[in-house]
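This is input-v7.cif (mmCIF, C-alpha atoms; chains and numbers go by the auth columns).
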data_my_file
loop_
_atom_site.group_PDB
_atom_site.id
_atom_site.type_symbol
_atom_site.label_atom_id
_atom_site.label_comp_id
_atom_site.label_asym_id
_atom_site.label_seq_id
_atom_site.Cartn_x
_atom_site.Cartn_y
_atom_site.Cartn_z
_atom_site.B_iso_or_equiv
_atom_site.auth_seq_id
_atom_site.auth_asym_id
ATOM 1 C CA MET A 1 3.790 -75.805 -14.970 0.00 1412 A
ATOM 2 C CA ALA A 2 1.158 -73.106 -15.455 0.00 1413 A
ATOM 3 C CA LYS A 3 1.618 -71.903 -11.867 0.00 1414 A
ATOM 4 C CA GLU A 4 5.383 -71.707 -12.280 0.00 1415 A
ATOM 5 C CA ASP A 5 4.981 -69.703 -15.507 0.00 1416 A
ATOM 6 C CA LYS A 6 2.643 -67.243 -13.747 0.00 1417 A
ATOM 7 C CA LYS A 7 5.137 -66.783 -10.873 0.00 1418 A
ATOM 8 C CA LYS A 8 7.962 -66.118 -13.327 0.00 1419 A
ATOM 9 C CA GLN A 9 5.853 -63.558 -15.178 0.00 1420 A
ATOM 10 C CA LYS A 10 5.009 -61.760 -11.923 0.00 1421 A
ATOM 11 C CA GLN A 11 8.678 -61.692 -10.903 0.00 1422 A
ATOM 12 C CA GLU A 12 9.676 -60.290 -14.305 0.00 1423 A
ATOM 13 C CA LYS A 13 6.991 -57.578 -14.079 0.00 1424 A
ATOM 14 C CA GLY A 14 8.189 -56.637 -10.590 0.00 1425 A
ATOM 15 C CA LYS A 15 11.758 -56.319 -11.821 0.00 1426 A
ATOM 16 C CA GLU A 16 10.629 -54.150 -14.717 0.00 1427 A
ATOM 17 C CA ARG A 17 8.757 -51.819 -12.361 0.00 1428 A
ATOM 18 C CA LYS A 18 11.779 -51.494 -10.118 0.00 1429 A
ATOM 19 C CA ASP A 19 13.998 -50.784 -13.105 0.00 1430 A
ATOM 20 C CA GLU A 20 11.718 -48.042 -14.410 0.00 1431 A
ATOM 21 C CA PRO A 21 13.472 -44.608 -14.176 0.00 1432 A
ATOM 22 C CA GLY A 22 12.029 -42.224 -11.631 0.00 1433 A
ATOM 23 C CA SER A 23 9.883 -44.763 -9.837 0.00 1434 A
ATOM 24 C CA GLY A 24 12.219 -44.984 -6.844 0.00 1435 A
ATOM 25 C CA GLU A 25 12.600 -41.222 -6.695 0.00 1436 A
ATOM 26 C CA ALA A 26 8.842 -40.711 -6.790 0.00 1437 A
ATOM 27 C CA GLU A 27 8.364 -43.153 -3.936 0.00 1438 A
ATOM 28 C CA ARG A 28 11.091 -41.432 -1.920 0.00 1439 A
ATOM 29 C CA LYS A 29 9.595 -38.003 -2.563 0.00 1440 A
ATOM 30 C CA GLY A 30 6.177 -39.258 -1.586 0.00 1441 A
ATOM 31 C CA SER A 31 7.448 -40.768 1.657 0.00 1442 A
ATOM 32 C CA ALA A 32 9.458 -37.613 2.422 0.00 1443 A
ATOM 33 C CA GLY A 33 6.383 -35.447 1.844 0.00 1444 A
ATOM 34 C CA GLU A 34 4.294 -37.636 4.115 0.00 1445 A
ATOM 35 C CA ALA A 35 6.983 -37.507 6.796 0.00 1446 A
ATOM 36 C CA ARG A 36 7.145 -33.710 6.595 0.00 1447 A
ATOM 37 C CA ALA A 37 3.373 -33.405 6.833 0.00 1448 A
ATOM 38 C CA ALA A 38 3.323 -35.712 9.819 0.00 1449 A
ATOM 39 C CA GLY A 39 6.152 -33.713 11.407 0.00 1450 A
ATOM 40 C CA ASN A 40 4.304 -30.461 10.906 0.00 1451 A
ATOM 41 C CA GLU A 41 1.179 -31.935 12.469 0.00 1452 A
ATOM 42 C CA ASP A 42 3.089 -33.402 15.402 0.00 1453 A
ATOM 43 C CA SER A 43 5.152 -30.259 16.041 0.00 1454 A
ATOM 44 C CA HIS A 44 2.126 -28.497 17.529 0.00 1455 A
ATOM 45 C CA LYS A 45 0.931 -31.503 19.543 0.00 1456 A
ATOM 46 C CA CYS A 46 1.654 -32.671 23.083 0.00 1457 A
ATOM 47 C CA CYS A 47 0.112 -35.844 24.574 0.00 1458 A
ATOM 48 C CA GLY A 48 -2.261 -36.081 21.614 0.00 1459 A
ATOM 49 C CA CYS A 49 -3.365 -32.421 21.759 0.00 1460 A
ATOM 50 C CA ARG A 50 -1.997 -29.239 20.321 0.00 1461 A
ATOM 51 C CA PHE A 51 1.148 -27.991 22.027 0.00 1462 A
ATOM 52 C CA PRO A 52 -0.259 -24.666 23.367 0.00 1463 A
ATOM 53 C CA ILE A 53 -2.938 -26.627 25.252 0.00 1464 A
ATOM 54 C CA ILE A 54 -0.748 -26.289 28.359 0.00 1465 A
ATOM 55 C CA ILE A 55 -1.304 -22.521 28.196 0.00 1466 A
ATOM 56 C CA ALA A 56 -5.077 -22.906 28.216 0.00 1467 A
ATOM 57 C CA LEU A 57 -4.805 -25.417 31.061 0.00 1468 A
ATOM 58 C CA LEU A 58 -2.721 -23.025 33.175 0.00 1469 A
ATOM 59 C CA GLN A 59 -5.149 -20.213 32.424 0.00 1470 A
ATOM 60 C CA LEU A 60 -8.095 -22.315 33.555 0.00 1471 A
ATOM 61 C CA LEU A 61 -6.466 -23.531 36.790 0.00 1472 A
ATOM 62 C CA LEU A 62 -5.166 -20.108 37.813 0.00 1473 A
ATOM 63 C CA ALA A 63 -8.423 -18.356 36.932 0.00 1474 A
ATOM 64 C CA ILE A 64 -10.446 -20.864 38.966 0.00 1475 A
ATOM 65 C CA ALA A 65 -8.083 -20.415 41.925 0.00 1476 A
ATOM 66 C CA ILE A 66 -8.394 -16.610 41.732 0.00 1477 A
ATOM 67 C CA ALA A 67 -12.195 -16.745 41.526 0.00 1478 A
ATOM 68 C CA VAL A 68 -12.466 -19.223 44.441 0.00 1479 A
ATOM 69 C CA ILE A 69 -10.204 -17.144 46.700 0.00 1480 A
ATOM 70 C CA ALA A 70 -12.167 -14.013 45.778 0.00 1481 A
ATOM 71 C CA PHE A 71 -15.489 -15.584 46.787 0.00 1482 A
ATOM 72 C CA ILE A 72 -13.939 -16.867 50.024 0.00 1483 A
ATOM 73 C CA MET A 73 -12.820 -13.313 50.804 0.00 1484 A
ATOM 74 C CA ARG A 74 -16.345 -12.055 50.108 0.00 1485 A
ATOM 75 C CA SER A 75 -17.700 -14.607 52.562 0.00 1486 A
ATOM 76 C CA LEU A 76 -15.314 -13.419 55.295 0.00 1487 A
ATOM 77 C CA SER A 77 -16.421 -9.786 55.096 0.00 1488 A
ATOM 78 C CA SER A 78 -19.205 -8.171 53.074 0.00 1489 A
ATOM 79 C CA SER A 79 -17.422 -4.823 53.296 0.00 1490 A
ATOM 80 C CA LEU A 80 -14.733 -5.787 50.830 0.00 1491 A
ATOM 81 C CA LEU A 81 -15.001 -3.943 47.541 0.00 1492 A
ATOM 82 C CA ALA A 82 -15.138 -5.616 44.142 0.00 1493 A
ATOM 83 C CA ARG A 83 -11.645 -4.336 43.361 0.00 1494 A
ATOM 84 C CA ASP A 84 -10.299 -6.275 46.378 0.00 1495 A
ATOM 85 C CA THR A 85 -11.968 -9.530 45.277 0.00 1496 A
ATOM 86 C CA PRO A 86 -10.998 -9.959 41.608 0.00 1497 A
ATOM 87 C CA TYR A 87 -13.457 -12.701 40.701 0.00 1498 A
ATOM 88 C CA TRP A 88 -14.144 -10.659 37.556 0.00 1499 A
ATOM 89 C CA ALA A 89 -10.630 -11.375 36.293 0.00 1500 A
ATOM 90 C CA GLY A 90 -10.955 -15.083 37.034 0.00 1501 A
ATOM 91 C CA ILE A 91 -14.327 -15.451 35.265 0.00 1502 A
ATOM 92 C CA ILE A 92 -13.224 -13.665 32.101 0.00 1503 A
ATOM 93 C CA ILE A 93 -10.001 -15.663 31.822 0.00 1504 A
ATOM 94 C CA CYS A 94 -11.946 -18.883 32.460 0.00 1505 A
ATOM 95 C CA LEU A 95 -13.962 -18.077 29.343 0.00 1506 A
ATOM 96 C CA ALA A 96 -10.729 -17.406 27.442 0.00 1507 A
ATOM 97 C CA ALA A 97 -9.268 -20.723 28.635 0.00 1508 A
ATOM 98 C CA LEU A 98 -12.345 -22.692 27.543 0.00 1509 A
ATOM 99 C CA LEU A 99 -12.187 -21.020 24.140 0.00 1510 A
ATOM 100 C CA GLY A 100 -8.486 -21.874 24.010 0.00 1511 A
ATOM 101 C CA PHE A 101 -9.237 -25.533 24.732 0.00 1512 A
ATOM 102 C CA TYR A 102 -11.727 -25.614 21.876 0.00 1513 A
ATOM 103 C CA MET A 103 -9.361 -23.829 19.503 0.00 1514 A
ATOM 104 C CA TYR A 104 -6.172 -25.758 20.291 0.00 1515 A
ATOM 105 C CA CYS A 105 -7.831 -29.197 20.331 0.00 1516 A
ATOM 106 C CA THR A 106 -10.085 -28.903 17.286 0.00 1517 A
ATOM 107 C CA THR A 107 -9.743 -25.981 14.904 0.00 1518 A
ATOM 108 C CA TYR A 108 -6.255 -24.580 15.529 0.00 1519 A
ATOM 109 C CA GLN A 109 -4.287 -23.850 12.361 0.00 1520 A
ATOM 110 C CA VAL A 110 -1.487 -21.385 11.743 0.00 1521 A
ATOM 111 C CA ASP A 111 -3.132 -20.117 8.539 0.00 1522 A
ATOM 112 C CA GLU A 112 -6.876 -19.687 8.929 0.00 1523 A
ATOM 113 C CA LYS A 113 -8.856 -21.397 6.205 0.00 1524 A
ATOM 114 C CA THR A 114 -12.334 -20.359 7.332 0.00 1525 A
ATOM 115 C CA THR A 115 -13.910 -17.253 8.805 0.00 1526 A
ATOM 116 C CA LEU A 116 -14.859 -19.181 11.942 0.00 1527 A
ATOM 117 C CA GLN A 117 -11.218 -20.057 12.665 0.00 1528 A
ATOM 118 C CA PHE A 118 -10.181 -16.426 12.252 0.00 1529 A
ATOM 119 C CA ILE A 119 -12.977 -15.182 14.545 0.00 1530 A
ATOM 120 C CA ILE A 120 -12.145 -17.747 17.253 0.00 1531 A
ATOM 121 C CA LYS A 121 -8.446 -16.863 17.188 0.00 1532 A
ATOM 122 C CA LEU A 122 -9.223 -13.144 17.254 0.00 1533 A
ATOM 123 C CA ILE A 123 -11.612 -13.456 20.213 0.00 1534 A
ATOM 124 C CA TYR A 124 -9.118 -15.598 22.117 0.00 1535 A
ATOM 125 C CA PHE A 125 -6.314 -13.121 21.463 0.00 1536 A
ATOM 126 C CA LEU A 126 -8.472 -10.183 22.605 0.00 1537 A
ATOM 127 C CA LEU A 127 -9.588 -12.022 25.756 0.00 1538 A
ATOM 128 C CA CYS A 128 -5.964 -12.823 26.625 0.00 1539 A
ATOM 129 C CA ALA A 129 -4.978 -9.190 26.088 0.00 1540 A
ATOM 130 C CA LEU A 130 -7.893 -8.087 28.269 0.00 1541 A
ATOM 131 C CA GLY A 131 -6.837 -10.665 30.862 0.00 1542 A
ATOM 132 C CA ILE A 132 -3.382 -9.096 31.073 0.00 1543 A
ATOM 133 C CA ILE A 133 -4.925 -5.688 31.847 0.00 1544 A
ATOM 134 C CA LEU A 134 -7.323 -7.153 34.420 0.00 1545 A
ATOM 135 C CA CYS A 135 -4.607 -9.158 36.164 0.00 1546 A
ATOM 136 C CA ILE A 136 -2.288 -6.155 36.409 0.00 1547 A
ATOM 137 C CA SER A 137 -5.153 -4.107 37.854 0.00 1548 A
ATOM 138 C CA ALA A 138 -5.947 -6.861 40.368 0.00 1549 A
ATOM 139 C CA VAL A 139 -2.292 -7.002 41.433 0.00 1550 A
ATOM 140 C CA ALA A 140 -2.235 -3.237 41.979 0.00 1551 A
ATOM 141 C CA PHE A 141 -5.432 -3.261 44.090 0.00 1552 A
ATOM 142 C CA ALA A 142 -4.339 -6.295 46.128 0.00 1553 A
ATOM 143 C CA ALA A 143 -0.871 -4.880 46.797 0.00 1554 A
ATOM 144 C CA HIS A 144 -2.323 -1.515 47.857 0.00 1555 A
ATOM 145 C CA HIS A 145 -4.832 -3.089 50.248 0.00 1556 A
ATOM 146 C CA HIS A 146 -2.183 -5.462 51.628 0.00 1557 A
ATOM 147 C CA ASN A 147 0.065 -2.493 52.354 0.00 1558 A
ATOM 148 C CA GLN A 148 -2.771 -0.700 54.133 0.00 1559 A
ATOM 149 C CA ILE A 149 -3.617 -3.684 56.326 0.00 1560 A
ATOM 150 C CA SER A 150 0.047 -3.968 57.323 0.00 1561 A
ATOM 151 C CA GLU A 151 -0.222 -0.510 58.896 0.00 1562 A
ATOM 152 C CA PHE A 152 -3.677 -0.936 60.476 0.00 1563 A
ATOM 153 C CA THR A 153 -4.519 -0.791 64.153 0.00 1564 A
ATOM 154 C CA CYS A 154 -7.852 -2.561 64.591 0.00 1565 A
ATOM 155 C CA GLN A 155 -10.425 -3.130 67.308 0.00 1566 A
ATOM 156 C CA MET A 156 -13.847 -4.793 67.412 0.00 1567 A
ATOM 157 C CA SER A 157 -16.988 -2.664 67.566 0.00 1568 A
ATOM 158 C CA GLU A 158 -20.557 -4.049 67.220 0.00 1569 A
ATOM 159 C CA GLU A 159 -19.847 -7.064 64.983 0.00 1570 A
ATOM 160 C CA ALA A 160 -17.446 -5.074 62.882 0.00 1571 A
ATOM 161 C CA CYS A 161 -13.718 -4.537 62.925 0.00 1572 A
ATOM 162 C CA VAL A 162 -12.759 -0.872 62.790 0.00 1573 A
ATOM 163 C CA CYS A 163 -9.235 -0.142 61.625 0.00 1574 A
ATOM 164 C CA LYS A 164 -7.103 2.992 61.423 0.00 1575 A
ATOM 165 C CA GLN A 165 -3.654 3.613 60.079 0.00 1576 A
ATOM 166 C CA ASP A 166 -2.868 6.147 62.809 0.00 1577 A
ATOM 167 C CA PRO A 167 -4.874 5.572 66.025 0.00 1578 A
ATOM 168 C CA ASP A 168 -3.685 8.896 67.525 0.00 1579 A
ATOM 169 C CA ASP A 169 -5.098 10.905 64.645 0.00 1580 A
ATOM 170 C CA GLN A 170 -8.709 11.797 65.439 0.00 1581 A
ATOM 171 C CA ILE A 171 -9.578 12.737 61.863 0.00 1582 A
ATOM 172 C CA ALA A 172 -7.820 9.788 60.245 0.00 1583 A
ATOM 173 C CA ARG A 173 -9.808 7.659 57.837 0.00 1584 A
ATOM 174 C CA THR A 174 -11.374 4.556 59.360 0.00 1585 A
ATOM 175 C CA PHE A 175 -11.928 1.244 57.603 0.00 1586 A
ATOM 176 C CA GLN A 176 -14.785 -0.948 58.752 0.00 1587 A
ATOM 177 C CA TYR A 177 -14.965 -4.673 58.048 0.00 1588 A
ATOM 178 C CA SER A 178 -18.424 -6.060 58.709 0.00 1589 A
ATOM 179 C CA ASP A 179 -19.468 -9.683 59.415 0.00 1590 A
ATOM 180 C CA VAL A 180 -16.096 -10.735 60.830 0.00 1591 A
ATOM 181 C CA SER A 181 -15.676 -12.775 63.991 0.00 1592 A
ATOM 182 C CA ASP A 182 -12.627 -10.870 65.168 0.00 1593 A
ATOM 183 C CA CYS A 183 -10.020 -8.437 63.894 0.00 1594 A
ATOM 184 C CA GLU A 184 -7.522 -11.237 63.394 0.00 1595 A
ATOM 185 C CA SER A 185 -9.550 -12.283 60.348 0.00 1596 A
ATOM 186 C CA VAL A 186 -8.643 -8.936 58.814 0.00 1597 A
ATOM 187 C CA THR A 187 -5.035 -8.577 59.904 0.00 1598 A
ATOM 188 C CA SER A 188 -4.053 -12.183 59.131 0.00 1599 A
ATOM 189 C CA THR A 189 -6.558 -14.109 56.971 0.00 1600 A
ATOM 190 C CA ILE A 190 -7.646 -11.376 54.549 0.00 1601 A
ATOM 191 C CA LYS A 191 -4.084 -10.105 54.401 0.00 1602 A
ATOM 192 C CA LEU A 192 -2.880 -13.583 53.394 0.00 1603 A
ATOM 193 C CA TYR A 193 -5.575 -13.887 50.744 0.00 1604 A
ATOM 194 C CA LEU A 194 -4.587 -10.515 49.293 0.00 1605 A
ATOM 195 C CA LEU A 195 -1.006 -11.711 49.012 0.00 1606 A
ATOM 196 C CA LEU A 196 -2.160 -14.901 47.265 0.00 1607 A
ATOM 197 C CA GLN A 197 -4.290 -12.851 44.889 0.00 1608 A
ATOM 198 C CA ALA A 198 -1.318 -10.690 43.946 0.00 1609 A
ATOM 199 C CA ILE A 199 0.930 -13.714 43.296 0.00 1610 A
ATOM 200 C CA LEU A 200 -1.668 -15.661 41.301 0.00 1611 A
ATOM 201 C CA ASN A 201 -2.600 -12.647 39.194 0.00 1612 A
ATOM 202 C CA ILE A 202 1.054 -11.963 38.375 0.00 1613 A
ATOM 203 C CA ILE A 203 1.492 -15.556 37.201 0.00 1614 A
ATOM 204 C CA LEU A 204 -1.754 -15.441 35.230 0.00 1615 A
ATOM 205 C CA ALA A 205 -0.739 -12.183 33.541 0.00 1616 A
ATOM 206 C CA VAL A 206 2.504 -13.845 32.412 0.00 1617 A
ATOM 207 C CA VAL A 207 0.567 -16.872 31.082 0.00 1618 A
ATOM 208 C CA CYS A 208 -1.832 -14.609 29.159 0.00 1619 A
ATOM 209 C CA LEU A 209 1.128 -12.701 27.729 0.00 1620 A
ATOM 210 C CA LEU A 210 2.663 -16.014 26.659 0.00 1621 A
ATOM 211 C CA ALA A 211 -0.613 -16.988 24.993 0.00 1622 A
ATOM 212 C CA CYS A 212 -0.628 -13.733 23.012 0.00 1623 A
ATOM 213 C CA TYR A 213 2.997 -14.292 22.037 0.00 1624 A
ATOM 214 C CA VAL A 214 2.318 -17.839 20.819 0.00 1625 A
ATOM 215 C CA MET A 215 -0.620 -16.633 18.737 0.00 1626 A
ATOM 216 C CA TRP A 216 1.467 -13.841 17.226 0.00 1627 A
ATOM 217 C CA LYS A 217 4.507 -16.053 16.620 0.00 1628 A
ATOM 218 C CA HIS A 218 2.561 -18.830 14.901 0.00 1629 A
ATOM 219 C CA ARG A 219 0.726 -16.364 12.685 0.00 1630 A
ATOM 220 C CA TYR A 220 3.205 -13.624 11.809 0.00 1631 A
ATOM 221 C CA GLN A 221 6.736 -14.686 12.746 0.00 1632 A
ATOM 222 C CA VAL A 222 6.955 -17.077 9.818 0.00 1633 A
ATOM 223 C CA PHE A 223 9.156 -16.050 6.935 0.00 1634 A
ATOM 224 C CA PHE A 224 8.784 -17.746 3.563 0.00 1635 A
ATOM 225 C CA VAL A 225 11.945 -17.847 1.473 0.00 1636 A
ATOM 226 C CA GLY A 226 11.310 -18.226 -2.237 0.00 1637 A
ATOM 227 C CA LEU A 227 13.548 -19.570 -4.955 0.00 1638 A
ATOM 228 C CA ARG A 228 15.915 -17.114 -6.528 0.00 1639 A
ATOM 229 C CA TYR A 229 15.696 -16.677 -10.257 0.00 1640 A
ATOM 230 C CA HIS A 230 18.959 -16.204 -12.127 0.00 1641 A
ATOM 231 C CA PRO A 231 18.359 -15.110 -15.744 0.00 1642 A
ATOM 232 C CA PHE A 232 22.022 -15.510 -16.627 0.00 1643 A
ATOM 233 C CA LYS A 233 23.802 -18.823 -16.331 0.00 1644 A
ATOM 234 C CA THR A 234 27.212 -18.691 -14.729 0.00 1645 A
ATOM 235 C CA ASP A 235 28.417 -21.925 -16.306 0.00 1646 A
ATOM 236 C CA GLN A 236 28.226 -20.646 -19.892 0.00 1647 A
ATOM 237 C CA GLN A 237 31.541 -20.618 -21.681 0.00 1648 A
ATOM 238 C CA GLN A 238 32.822 -17.220 -22.624 0.00 1649 A
ATOM 239 C CA PRO A 239 33.809 -16.782 -26.315 0.00 1650 A
ATOM 240 C CA LYS A 240 37.482 -17.001 -26.938 0.00 1651 A
ATOM 241 C CA VAL A 241 39.211 -13.908 -28.383 0.00 1652 A
#
Could you rewrite the structure in this file as structure tokens?
Amino acid sequence: MAKEDKKKQKQEKGKERKDEPGSGEAERKGSAGEARAAGNEDSHKCCGCRFPIIIALLQLLLAIAIAVIAFIMRSLSSSLLARDTPYWAGIIICLAALLGFYMYCTTYQVDEKTTLQFIIKLIYFLLCALGIILCISAVAFAAHHHNQISEFTCQMSEEACVCKQDPDDQIARTFQYSDVSDCESVTSTIKLYLLLQAILNIILAVVCLLACYVMWKHRYQVFFVGLRYHPFKTDQQQPKV
């Protein structure tokens, strides 16, 4: 009998709690707030990481590819200038990509709450902006050299390939490529690598521009709409005349 009385008391207390005014609304508001918070957290995530992580991944892969091709070109001929082998662009954007991985996976927030978060976002933004300039410069140098090689007439001379744009011109500028096995390495292999460098740097410049846009959009393209305050009520009854 005592157990039955205790069960009845518990059931009555549960009914009273359910019947209390505002309890259901509070629970609904609490669940809605939790759902919104979870939605805001998940909106910037992809496969468990922050959504812009794909940008940092593309930056890293493209930068590594650019740096590897640049060092391969340096191994083919030691006469190639630094502007023709843009490993400098690949290394700098690799650093930006690694910083982006750290930022997007750990400390990324739209509104910075600490000085460290602000500094990391600022450095990443500046590195991406610098990467755009470097990639555009690399594209210009690669396209110019590719155009020159397309017009070259080359011949081997003492372990070096000597090329001219106009073989009939005695005072024309000559281009010498040292440490090459034959001139075909210049007119075909190096020419192909220059074309790859131009394409990869164009794509990487677009990715860096997208990274800058995402940073700007998340930080500044957010408009907060406040509640409007109406000092006069429209539903007040007007006095009868």
Residues matched by the PyMOL selection byres ((chain A and resi 1565) around 9) as a list in words =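 Applied to this file, the PyMOL selection byres ((chain A and resi 1565) around 9) returns Phe1563, Thr1564, Gln1566, Met1567, Cys1572, Val1573, Cys1574, Lys1575, Gln1576, Pro1578, Phe1586, Cys1594, Glu1595, Val1597 and Thr1598 of chain A.
Taking CA of Arg1584 (chain A) and CA of His1556 (chain A) as endpoints, the distance between them is 14.1 Å.
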Return the single residue from A:Ile1543, A:Ala1549, A:Leu1509, A:Val1479 that is closest to Leu1606 (chain A), with distances computed using all atoms listed in the file.
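Result for the nearest residue to Leu1606 (chain A): A:Ala1549.
CA of Ile1503 (chain A) lies 23.6 Å from CA of Thr1526 (chain A).
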Report, as lines of an AutoDock Vina configuration file, the centre and edge lengths in Å (one decimal) of the axis-aligned box enclosing every listed atom of region 1497-1504 of chain A, padded by 6 Å on each side.
center_x = -12.2
center_y = -12.8
center_z = 36.7
size_x = 16.3
size_y = 17.7
size_z = 21.8
#### Entry: Within-8 Å shell of (-17.9, -10.6, 60.9) in input frame, only C-alpha atoms, as a PyMOL selection string
chain A and resi 1487-1488+1570-1572+1588-1593
What would the selection look like, as an MDAnalysis selection string, if the PyMOL selection byres ((chain A and resi 1614) around 12) were run on the coordinates I just shared?
chainID A and resid 1466 1469:1470 1472:1474 1476:1477 1542:1543 1546:1547 1549:1550 1607:1613 1615:1621
Can you tell me how far CA of Ile1502 (chain A) sits from CA of Trp1627 (chain A), in Å to one decimal?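 About the pair CA of Ile1502 (chain A) and CA of Trp1627 (chain A): they are 24.0 Å apart.
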Nearest to His1557 (chain A) among A:Ile1483, A:Leu1527, A:Pro1463, A:Ser1599, with distances taken over only C-alpha atoms: which residue is it?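 Checking each of A:Ile1483, A:Leu1527, A:Pro1463, A:Ser1599 against His1557 (chain A), counting only C-alpha atoms, the winner is A:Ser1599.
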Between A:Ile1480, A:Met1514, A:Cys1623, A:Ile1465, smallest distance to Thr1496 (chain A) by all atoms listed in the file belongs to A:Ile1480
Among listed residues A:Lys1628, A:Gly1501, A:Ala1493, A:Gly1511, nearest Ile1464 (chain A) (using all atoms listed in the file) =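 Nearest to Ile1464 (chain A): A:Gly1511.
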- Message: For the PyMOL selection byres ((chain A and resi 1531) around 12), applied here, can you spell out every residue it catches as a VMD selection string?
- Response: chain A and resid 1507 1509 to 1515 1517 to 1520 1523 1525 to 1530 1532 to 1538 1626
Next item on the list: Rank A:Ala1500, A:Ala1481, A:Asp1579, A:Thr1600 by their smallest atom-to-atom distance to Ala1540 (chain A), using all atoms listed in the file, and report the top residue only.
Entry: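 Of A:Ala1500, A:Ala1481, A:Asp1579, A:Thr1600, the one nearest Ala1540 (chain A) is A:Ala1500, counting all atoms listed in the file.
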